[in-house]
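Undergrad: To start, I am sharing the structure in question, which I have written as structure tokens.
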Amino acid sequence: MAKVVRFHRLGGAEVLQIEDAAVAEPEPGEVRIRVHALGLNRAEVLFRSGLYIEDPELPSGLGLEAAGVVEMVGPNVTERKLGDRVALIPPVSMKQRPVHSELINYPADLTVPMPDSQSFESAAATWMAYLTAYDALIRVAALKAGDHVVITAASSSVGIAAIQLVNSVGAIPIAVTTSDCKREALLAAGAAHVLISGDSVVEAIGKVAPAGARVFFDAVGGKLIPLLASAAPPGAVIVNYGVLDASTTELPPAVLLAKSLTLRGYLVHEILRDPLILSRAKKLILEGLVSGQLCPTIARTFPLDEIVTAYEFLESNGQFGKVVVTI
């Protein structure tokens, strides 16, 4: 038996419950992991609210990120052994593979060995953020040295990961946030410039990137998209990976046509389609973790029995970095 986080109805964080559930034997290709830390994400909030890309089947588990220790190895597994410290590549389906639990069975090939120096909390804060930033920026946007990159929701775990990755390739990160109170923290995290979102953000981007920002990495969507398109120079790429603003907006097609813009939606699950790209991403991220060039920022940790409070904190938008739950 294991403690598992579930919800029996759609709603806010208050619908989450901690229940006891039986855990089956690992199937071929799976390992059983005793989980020590969970990373929380906006995607889980959308899933729990019935607004995600897949609908939960109630009662439902949830969760995309975890780190722990392999305590059982299923048939046909050769890449992992008992006692391995591992983190998870986020599953394609949260409905089929929820990971907010003390014990989980998980595909061995979607686990990543943790660096010896990394804590479980840090490992649980790593792979959603850095894979999203890496694949969207390096593969989709073809980021190169010297590019100016506008990063919205820059104080999120993905935003901070993007700042670090942009710096690692010699590009210039421009952080956009909703409050001036996070300016110093974003500058300390490596942002070259910090801008406050709003109608004036177009003018502000023009001042810090006179030739224009070629890449826009956006977690907001909604009413911000037309502003980013307005600020974009010809040939720019706007990659949207989140819906912090789920409102419908108007983007005149003429703007896209006149500037030859690329507006692209992105999901981290895309990287699972290409084992070679995933392998390259894991190698680069692991090397960055070991060298210290990449380092997840943890806003706050909560024990499992306070997971409702943890999600409420996440949804307050007051955090800087990842919210982590420990078991």
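Every chain in the structure tokens has a letter given in the order shown (A, B, ...), and although residue numbers restart at 1 in each chain, ligands are simply numbered from 1 in the order shown.
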Give me, as JSON, numbers by chain, all polymer residues having an atom no more than 10 Å from segment 268-280 of chain A, counting only C-alpha atoms and skipping those fewer than 4 positions away in the same chain.

TA: {"A": [89, 90, 91, 92, 93, 110, 127, 128, 129, 130, 131, 132, 133, 134, 135, 136, 139, 241, 284, 285, 286]}

Undergrad: May I have the selected residues written with N, CA, C and O atoms, as a JSON list (two decimals), in the first residue's frame?

TA:
[["chain", "number", "residue", "atom", "x", "y", "z"],
["A", 89, "ILE", "N", 11.38, 11.62, -16.55],
["A", 89, "ILE", "CA", 10.96, 12.38, -17.71],
["A", 89, "ILE", "C", 9.44, 12.45, -17.65],
["A", 89, "ILE", "O", 8.78, 11.43, -17.44],
["A", 90, "PRO", "N", 8.82, 13.63, -17.78],
["A", 90, "PRO", "CA", 7.37, 13.74, -17.61],
["A", 90, "PRO", "C", 6.61, 12.80, -18.54],
["A", 90, "PRO", "O", 6.96, 12.66, -19.72],
["A", 91, "PRO", "N", 5.57, 12.12, -18.04],
["A", 91, "PRO", "CA", 4.81, 11.18, -18.86],
["A", 91, "PRO", "C", 3.97, 11.90, -19.91],
["A", 91, "PRO", "O", 3.56, 13.06, -19.71],
["A", 92, "VAL", "N", 3.68, 11.22, -21.01],
["A", 92, "VAL", "CA", 2.82, 11.78, -22.04],
["A", 92, "VAL", "C", 1.41, 11.99, -21.50],
["A", 92, "VAL", "O", 0.75, 12.99, -21.80],
["A", 93, "SER", "N", 0.95, 11.04, -20.69],
["A", 93, "SER", "CA", -0.41, 11.11, -20.16],
["A", 93, "SER", "C", -0.40, 11.13, -18.64],
["A", 93, "SER", "O", 0.02, 10.14, -18.02],
["A", 110, "LEU", "N", 12.23, 6.05, -19.20],
["A", 110, "LEU", "CA", 11.85, 7.44, -18.96],
["A", 110, "LEU", "C", 12.31, 7.91, -17.58],
["A", 110, "LEU", "O", 11.77, 8.86, -17.01],
["A", 127, "TRP", "N", 13.32, 18.24, -14.57],
["A", 127, "TRP", "CA", 13.15, 17.76, -15.94],
["A", 127, "TRP", "C", 12.01, 18.39, -16.71],
["A", 127, "TRP", "O", 12.11, 18.60, -17.92],
["A", 128, "MET", "N", 10.92, 18.72, -16.07],
["A", 128, "MET", "CA", 9.86, 19.44, -16.79],
["A", 128, "MET", "C", 10.38, 20.79, -17.27],
["A", 128, "MET", "O", 10.21, 21.18, -18.44],
["A", 129, "ALA", "N", 11.04, 21.51, -16.39],
["A", 129, "ALA", "CA", 11.50, 22.86, -16.72],
["A", 129, "ALA", "C", 12.58, 22.85, -17.78],
["A", 129, "ALA", "O", 12.49, 23.57, -18.79],
["A", 130, "TYR", "N", 13.61, 22.04, -17.58],
["A", 130, "TYR", "CA", 14.76, 22.12, -18.49],
["A", 130, "TYR", "C", 14.49, 21.45, -19.83],
["A", 130, "TYR", "O", 14.99, 21.91, -20.87],
["A", 131, "LEU", "N", 13.72, 20.38, -19.86],
["A", 131, "LEU", "CA", 13.36, 19.78, -21.15],
["A", 131, "LEU", "C", 12.47, 20.73, -21.95],
["A", 131, "LEU", "O", 12.63, 20.86, -23.17],
["A", 132, "THR", "N", 11.52, 21.37, -21.29],
["A", 132, "THR", "CA", 10.66, 22.33, -21.98],
["A", 132, "THR", "C", 11.48, 23.45, -22.58],
["A", 132, "THR", "O", 11.35, 23.78, -23.77],
["A", 133, "ALA", "N", 12.34, 24.05, -21.78],
["A", 133, "ALA", "CA", 13.15, 25.17, -22.26],
["A", 133, "ALA", "C", 14.13, 24.72, -23.34],
["A", 133, "ALA", "O", 14.29, 25.39, -24.37],
["A", 134, "TYR", "N", 14.77, 23.59, -23.13],
["A", 134, "TYR", "CA", 15.76, 23.10, -24.10],
["A", 134, "TYR", "C", 15.12, 22.83, -25.45],
["A", 134, "TYR", "O", 15.57, 23.33, -26.48],
["A", 135, "ASP", "N", 14.06, 22.03, -25.46],
["A", 135, "ASP", "CA", 13.49, 21.61, -26.74],
["A", 135, "ASP", "C", 12.83, 22.77, -27.47],
["A", 135, "ASP", "O", 12.98, 22.93, -28.68],
["A", 136, "ALA", "N", 12.11, 23.61, -26.73],
["A", 136, "ALA", "CA", 11.44, 24.74, -27.37],
["A", 136, "ALA", "C", 12.44, 25.75, -27.92],
["A", 136, "ALA", "O", 12.25, 26.30, -29.01],
["A", 139, "ARG", "N", 15.68, 23.31, -30.25],
["A", 139, "ARG", "CA", 15.21, 22.62, -31.46],
["A", 139, "ARG", "C", 14.20, 23.45, -32.25],
["A", 139, "ARG", "O", 14.38, 23.69, -33.44],
["A", 241, "TYR", "N", 4.01, 27.98, -24.64],
["A", 241, "TYR", "CA", 3.95, 26.68, -23.97],
["A", 241, "TYR", "C", 3.00, 26.68, -22.78],
["A", 241, "TYR", "O", 2.92, 25.67, -22.05],
["A", 284, "LEU", "N", 23.08, 17.14, -22.22],
["A", 284, "LEU", "CA", 23.41, 18.55, -21.98],
["A", 284, "LEU", "C", 22.94, 19.00, -20.60],
["A", 284, "LEU", "O", 23.66, 19.68, -19.87],
["A", 285, "ILE", "N", 21.71, 18.60, -20.23],
["A", 285, "ILE", "CA", 21.16, 19.02, -18.93],
["A", 285, "ILE", "C", 21.95, 18.41, -17.79],
["A", 285, "ILE", "O", 22.29, 19.09, -16.82],
["A", 286, "LEU", "N", 22.27, 17.11, -17.89],
["A", 286, "LEU", "CA", 23.05, 16.47, -16.83],
["A", 286, "LEU", "C", 24.42, 17.11, -16.70],
["A", 286, "LEU", "O", 24.91, 17.33, -15.58]]

Undergrad: Mind the document's chain letters and residue numbers, and return as a ChimeraX atom specification the residues of segment 83-178 of chain A that DSSP labels alpha helix (DSSP H).

TA: /A:120-124,127-134,157-168

Undergrad: I'd like the contact shell of Gly288 of chain A - 10 Å cut-off, only C-alpha atoms, skipping same-chain residues fewer than 5 positions apart - returned as number ranges by chain.

TA: A: 164-165, 168, 282-283, 293-295

Undergrad: As an MDAnalysis selection string, please: all residues of segment 105-151 of chain A that backbone DSSP puts in strand (DSSP E).

TA: chainID A and resid 105:107 111:113 148:151

Undergrad: Please provide the set of residues having any atom within 6 Å of segment 314-327 of chain A, restricted to only C-alpha atoms, with same-chain residues fewer than 3 positions apart removed, written as a PyMOL selection string.

TA: chain A and resi 36-40+155-157+297-304+311

Undergrad: Give me a file of those residues, with N, CA and C atoms, as a compact mmCIF listing (two decimals), in the first residue's frame.

TA:
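Ended up saving to part-v5.txt:
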# COMPACT_ATOMS: atom_id res chain seq x y z
N HIS A 36 10.68 10.35 -3.16
CA HIS A 36 11.12 11.21 -2.07
C HIS A 36 10.71 12.67 -2.26
N ALA A 37 10.45 13.07 -3.51
CA ALA A 37 10.07 14.46 -3.76
C ALA A 37 9.22 14.55 -5.02
N LEU A 38 8.29 15.50 -5.03
CA LEU A 38 7.41 15.77 -6.15
C LEU A 38 7.59 17.22 -6.59
N GLY A 39 7.59 17.46 -7.89
CA GLY A 39 7.58 18.82 -8.41
C GLY A 39 6.18 19.18 -8.85
N LEU A 40 5.71 20.38 -8.50
CA LEU A 40 4.37 20.81 -8.87
C LEU A 40 4.40 21.69 -10.11
N SER A 155 9.77 34.25 -13.78
CA SER A 155 10.09 33.77 -12.43
C SER A 155 9.60 32.35 -12.17
N SER A 156 8.95 31.73 -13.16
CA SER A 156 8.54 30.34 -13.03
C SER A 156 9.75 29.43 -13.15
N SER A 157 9.58 28.16 -12.82
CA SER A 157 10.70 27.21 -12.93
C SER A 157 11.17 27.09 -14.37
N THR A 297 15.87 26.33 -9.28
CA THR A 297 15.57 27.21 -8.15
C THR A 297 14.30 26.71 -7.47
N ILE A 298 14.39 26.43 -6.19
CA ILE A 298 13.23 25.94 -5.44
C ILE A 298 12.66 27.08 -4.61
N ALA A 299 11.41 27.39 -4.87
CA ALA A 299 10.77 28.50 -4.15
C ALA A 299 10.48 28.12 -2.71
N ARG A 300 9.93 26.91 -2.54
CA ARG A 300 9.53 26.47 -1.21
C ARG A 300 9.21 24.99 -1.25
N THR A 301 9.42 24.30 -0.14
CA THR A 301 9.06 22.89 -0.03
C THR A 301 7.97 22.71 1.02
N PHE A 302 7.13 21.70 0.78
CA PHE A 302 6.04 21.36 1.69
C PHE A 302 6.06 19.85 1.92
N PRO A 303 5.64 19.37 3.09
CA PRO A 303 5.46 17.93 3.28
C PRO A 303 4.21 17.46 2.54
N LEU A 304 4.13 16.15 2.30
CA LEU A 304 3.02 15.60 1.53
C LEU A 304 1.66 15.95 2.13
N TYR A 311 -0.19 23.58 -3.43
CA TYR A 311 -0.80 24.01 -4.69
C TYR A 311 -1.40 25.41 -4.58

Undergrad: Counting only C-alpha atoms, which of A:Ile238, A:Ala209, A:Leu88, A:Ile33 gets nearest to Met114 of chain A?

TA: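 Of A:Ile238, A:Ala209, A:Leu88, A:Ile33, the one nearest Met114 of chain A is A:Leu88, counting only C-alpha atoms.
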
Undergrad: Counting only C-alpha atoms, which residue out of A:Ser197, A:Ser260, A:Thr249, A:Ser49 sits closest to Ala232 of chain A?

TA: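 Among the listed residues, A:Ser260 lies closest to Ala232 of chain A.
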
Undergrad: Which residues, written as number ranges by chain, have at least one atom at most 7 Å from segment 63-76 of chain A, with only C-alpha atoms counted and residues fewer than 5 positions away on the same chain left out?

TA: A: 26-39, 44, 81-88, 90-91, 94, 98-100, 120, 123-124

Undergrad: Take the residues that were just selected and, keeping N, CA, C and O atoms, output them as a short mmCIF file (atom, residue, chain, number, x, y, z; two decimals), in the first residue's frame.

TA:
data_model
loop_
_atom_site.label_atom_id
_atom_site.label_comp_id
_atom_site.auth_asym_id
_atom_site.auth_seq_id
_atom_site.Cartn_x
_atom_site.Cartn_y
_atom_site.Cartn_z
N PRO A 26 5.71 -4.27 -10.83
CA PRO A 26 6.14 -3.61 -12.07
C PRO A 26 5.96 -4.54 -13.27
O PRO A 26 6.25 -5.73 -13.20
N GLU A 27 5.48 -3.98 -14.35
CA GLU A 27 5.32 -4.75 -15.59
C GLU A 27 6.64 -4.75 -16.35
O GLU A 27 7.59 -4.04 -15.99
N PRO A 28 6.75 -5.56 -17.42
CA PRO A 28 7.98 -5.55 -18.22
C PRO A 28 8.36 -4.14 -18.67
O PRO A 28 7.52 -3.38 -19.13
N GLY A 29 9.62 -3.80 -18.48
CA GLY A 29 10.12 -2.48 -18.86
C GLY A 29 9.94 -1.42 -17.79
O GLY A 29 10.37 -0.28 -17.98
N GLU A 30 9.33 -1.77 -16.65
CA GLU A 30 9.09 -0.80 -15.59
C GLU A 30 9.99 -1.02 -14.39
O GLU A 30 10.49 -2.14 -14.17
N VAL A 31 10.17 0.03 -13.62
CA VAL A 31 10.80 -0.06 -12.30
C VAL A 31 9.84 0.52 -11.27
O VAL A 31 8.99 1.37 -11.60
N ARG A 32 9.93 0.02 -10.05
CA ARG A 32 9.18 0.62 -8.95
C ARG A 32 10.09 1.61 -8.25
O ARG A 32 11.24 1.29 -7.91
N ILE A 33 9.56 2.81 -8.02
CA ILE A 33 10.33 3.89 -7.41
C ILE A 33 9.66 4.31 -6.11
O ILE A 33 8.45 4.54 -6.08
N ARG A 34 10.46 4.35 -5.04
CA ARG A 34 9.98 4.96 -3.80
C ARG A 34 10.27 6.44 -3.91
O ARG A 34 11.42 6.87 -3.95
N VAL A 35 9.22 7.22 -3.95
CA VAL A 35 9.34 8.65 -4.25
C VAL A 35 9.74 9.43 -2.99
O VAL A 35 9.20 9.21 -1.91
N HIS A 36 10.68 10.35 -3.16
CA HIS A 36 11.12 11.21 -2.07
C HIS A 36 10.71 12.67 -2.26
O HIS A 36 10.65 13.41 -1.29
N ALA A 37 10.45 13.07 -3.51
CA ALA A 37 10.07 14.46 -3.76
C ALA A 37 9.22 14.55 -5.02
O ALA A 37 9.41 13.80 -5.98
N LEU A 38 8.29 15.50 -5.03
CA LEU A 38 7.41 15.77 -6.15
C LEU A 38 7.59 17.22 -6.59
O LEU A 38 7.69 18.11 -5.75
N GLY A 39 7.59 17.46 -7.89
CA GLY A 39 7.58 18.82 -8.41
C GLY A 39 6.18 19.18 -8.85
O GLY A 39 5.50 18.38 -9.49
N GLU A 44 -0.83 20.44 -13.81
CA GLU A 44 -1.65 19.68 -12.86
C GLU A 44 -2.85 20.49 -12.38
O GLU A 44 -3.92 19.93 -12.13
N LYS A 81 18.97 -0.43 -11.80
CA LYS A 81 19.16 -1.48 -10.80
C LYS A 81 18.64 -0.99 -9.46
O LYS A 81 18.39 0.21 -9.25
N LEU A 82 18.50 -1.91 -8.52
CA LEU A 82 18.03 -1.56 -7.18
C LEU A 82 18.95 -0.50 -6.56
O LEU A 82 20.18 -0.60 -6.65
N GLY A 83 18.35 0.48 -5.93
CA GLY A 83 19.12 1.51 -5.25
C GLY A 83 19.47 2.71 -6.10
O GLY A 83 19.99 3.71 -5.56
N ASP A 84 19.20 2.66 -7.40
CA ASP A 84 19.49 3.82 -8.25
C ASP A 84 18.64 5.01 -7.82
O ASP A 84 17.44 4.89 -7.56
N ARG A 85 19.26 6.17 -7.75
CA ARG A 85 18.56 7.44 -7.50
C ARG A 85 18.17 8.02 -8.85
O ARG A 85 19.03 8.28 -9.70
N VAL A 86 16.87 8.23 -9.08
CA VAL A 86 16.41 8.62 -10.40
C VAL A 86 15.38 9.75 -10.33
O VAL A 86 14.68 9.92 -9.32
N ALA A 87 15.31 10.50 -11.41
CA ALA A 87 14.24 11.46 -11.63
C ALA A 87 13.47 11.01 -12.86
O ALA A 87 13.91 10.12 -13.60
N LEU A 88 12.30 11.63 -13.10
CA LEU A 88 11.42 11.19 -14.17
C LEU A 88 11.39 12.17 -15.33
O LEU A 88 11.37 13.38 -15.13
N PRO A 90 8.82 13.63 -17.78
CA PRO A 90 7.37 13.74 -17.61
C PRO A 90 6.61 12.80 -18.54
O PRO A 90 6.96 12.66 -19.72
N PRO A 91 5.57 12.12 -18.04
CA PRO A 91 4.81 11.18 -18.86
C PRO A 91 3.97 11.90 -19.91
O PRO A 91 3.56 13.06 -19.71
N MET A 94 -0.86 12.22 -18.06
CA MET A 94 -1.00 12.30 -16.62
C MET A 94 -2.13 11.38 -16.14
O MET A 94 -2.09 10.87 -15.02
N PRO A 98 -0.07 9.01 -13.46
CA PRO A 98 0.08 10.01 -12.40
C PRO A 98 1.20 9.62 -11.45
O PRO A 98 1.35 8.43 -11.13
N VAL A 99 1.99 10.57 -11.01
CA VAL A 99 3.17 10.23 -10.20
C VAL A 99 3.15 10.81 -8.80
O VAL A 99 4.12 10.64 -8.05
N HIS A 100 2.07 11.46 -8.41
CA HIS A 100 1.98 11.98 -7.04
C HIS A 100 1.59 10.84 -6.09
O HIS A 100 0.43 10.67 -5.72
N PHE A 120 17.06 15.10 -3.86
CA PHE A 120 15.79 14.67 -4.44
C PHE A 120 14.91 15.88 -4.76
O PHE A 120 14.20 15.89 -5.78
N ALA A 123 16.15 17.35 -7.97
CA ALA A 123 15.86 16.46 -9.09
C ALA A 123 14.39 16.53 -9.49
O ALA A 123 14.05 16.48 -10.68
N ALA A 124 13.51 16.66 -8.51
CA ALA A 124 12.08 16.76 -8.80
C ALA A 124 11.72 18.09 -9.43
O ALA A 124 10.62 18.25 -9.96
#

Undergrad: Which residues, written as JSON, numbers by chain, have at least one atom at most 6 Å from segment 4-10 of chain A, with only C-alpha atoms counted and residues fewer than 4 positions away on the same chain left out?

TA: {"A": [15, 16, 17, 18, 19, 48, 49, 58, 59, 60, 61, 100, 101]}

Undergrad: Taking N, CA, C and O atoms for each residue, export the selection above as a PDB file, in the first residue's frame.

TA:
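part.pdb, freshly written:
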ATOM      1  N   VAL A  15      -9.864  20.076  -3.541  1.00  0.00           N
ATOM      2  CA  VAL A  15     -10.440  18.774  -3.920  1.00  0.00           C
ATOM      3  C   VAL A  15      -9.427  17.643  -3.763  1.00  0.00           C
ATOM      4  O   VAL A  15      -9.789  16.464  -3.815  1.00  0.00           O
ATOM      5  N   LEU A  16      -8.161  17.968  -3.569  1.00  0.00           N
ATOM      6  CA  LEU A  16      -7.124  16.934  -3.448  1.00  0.00           C
ATOM      7  C   LEU A  16      -7.226  16.214  -2.110  1.00  0.00           C
ATOM      8  O   LEU A  16      -7.431  16.829  -1.065  1.00  0.00           O
ATOM      9  N   GLN A  17      -7.060  14.902  -2.174  1.00  0.00           N
ATOM     10  CA  GLN A  17      -7.085  14.068  -0.980  1.00  0.00           C
ATOM     11  C   GLN A  17      -5.894  13.113  -1.012  1.00  0.00           C
ATOM     12  O   GLN A  17      -5.432  12.721  -2.084  1.00  0.00           O
ATOM     13  N   ILE A  18      -5.433  12.730   0.181  1.00  0.00           N
ATOM     14  CA  ILE A  18      -4.386  11.715   0.295  1.00  0.00           C
ATOM     15  C   ILE A  18      -5.045  10.424   0.732  1.00  0.00           C
ATOM     16  O   ILE A  18      -5.682  10.355   1.785  1.00  0.00           O
ATOM     17  N   GLU A  19      -4.910   9.380  -0.107  1.00  0.00           N
ATOM     18  CA  GLU A  19      -5.568   8.110   0.140  1.00  0.00           C
ATOM     19  C   GLU A  19      -4.557   6.980   0.096  1.00  0.00           C
ATOM     20  O   GLU A  19      -3.438   7.133  -0.408  1.00  0.00           O
ATOM     21  N   ARG A  48      -6.581  19.107 -12.934  1.00  0.00           N
ATOM     22  CA  ARG A  48      -7.494  19.003 -11.790  1.00  0.00           C
ATOM     23  C   ARG A  48      -8.745  19.850 -11.988  1.00  0.00           C
ATOM     24  O   ARG A  48      -9.808  19.548 -11.448  1.00  0.00           O
ATOM     25  N   SER A  49      -8.636  20.885 -12.813  1.00  0.00           N
ATOM     26  CA  SER A  49      -9.757  21.791 -13.048  1.00  0.00           C
ATOM     27  C   SER A  49     -10.575  21.410 -14.276  1.00  0.00           C
ATOM     28  O   SER A  49     -11.569  22.077 -14.580  1.00  0.00           O
ATOM     29  N   LEU A  58     -12.552  10.340 -13.114  1.00  0.00           N
ATOM     30  CA  LEU A  58     -12.689  10.427 -11.663  1.00  0.00           C
ATOM     31  C   LEU A  58     -13.045   9.088 -11.041  1.00  0.00           C
ATOM     32  O   LEU A  58     -13.838   8.323 -11.606  1.00  0.00           O
ATOM     33  N   PRO A  59     -12.478   8.770  -9.867  1.00  0.00           N
ATOM     34  CA  PRO A  59     -11.426   9.532  -9.185  1.00  0.00           C
ATOM     35  C   PRO A  59     -10.105   9.407  -9.934  1.00  0.00           C
ATOM     36  O   PRO A  59      -9.833   8.389 -10.570  1.00  0.00           O
ATOM     37  N   SER A  60      -9.295  10.434  -9.846  1.00  0.00           N
ATOM     38  CA  SER A  60      -8.078  10.496 -10.637  1.00  0.00           C
ATOM     39  C   SER A  60      -6.871  10.867  -9.785  1.00  0.00           C
ATOM     40  O   SER A  60      -6.972  11.626  -8.828  1.00  0.00           O
ATOM     41  N   GLY A  61      -5.732  10.325 -10.170  1.00  0.00           N
ATOM     42  CA  GLY A  61      -4.464  10.798  -9.645  1.00  0.00           C
ATOM     43  C   GLY A  61      -3.982  11.954 -10.501  1.00  0.00           C
ATOM     44  O   GLY A  61      -4.645  12.370 -11.448  1.00  0.00           O
ATOM     45  N   HIS A 100       2.067  11.459  -8.407  1.00  0.00           N
ATOM     46  CA  HIS A 100       1.982  11.980  -7.039  1.00  0.00           C
ATOM     47  C   HIS A 100       1.594  10.841  -6.093  1.00  0.00           C
ATOM     48  O   HIS A 100       0.434  10.668  -5.723  1.00  0.00           O
ATOM     49  N   SER A 101       2.597  10.079  -5.707  1.00  0.00           N
ATOM     50  CA  SER A 101       2.372   8.904  -4.872  1.00  0.00           C
ATOM     51  C   SER A 101       3.673   8.522  -4.185  1.00  0.00           C
ATOM     52  O   SER A 101       4.766   8.864  -4.659  1.00  0.00           O
TER      53      SER A 101
END

Undergrad: Would you pick out the contacts of Leu187 of chain A at 12 Å or less, using only C-alpha atoms, so that residues sharing its chain but fewer than 3 positions from it are not included, and give the list as a PyMOL selection string?

TA: chain A and resi 154-155+160+163-164+173-177+180-184+190-195

Undergrad: How many Å separate atom CA of Leu224 of chain A from atom CA of Leu137 of chain A?

TA: 19.1 Å

Undergrad: What does the distance from atom CA of Lys144 of chain A to atom CA of Glu287 of chain A come to in Å, to one decimal?

TA: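 We find that atom CA of Lys144 of chain A and atom CA of Glu287 of chain A lie 19.2 Å from each other.
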
Undergrad: Between atom CA of Leu227 of chain A and atom CA of Pro252 of chain A, what distance in Å does the model show, to one decimal?

TA: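 Result for atom CA of Leu227 of chain A versus atom CA of Pro252 of chain A: 11.4 Å, one decimal.
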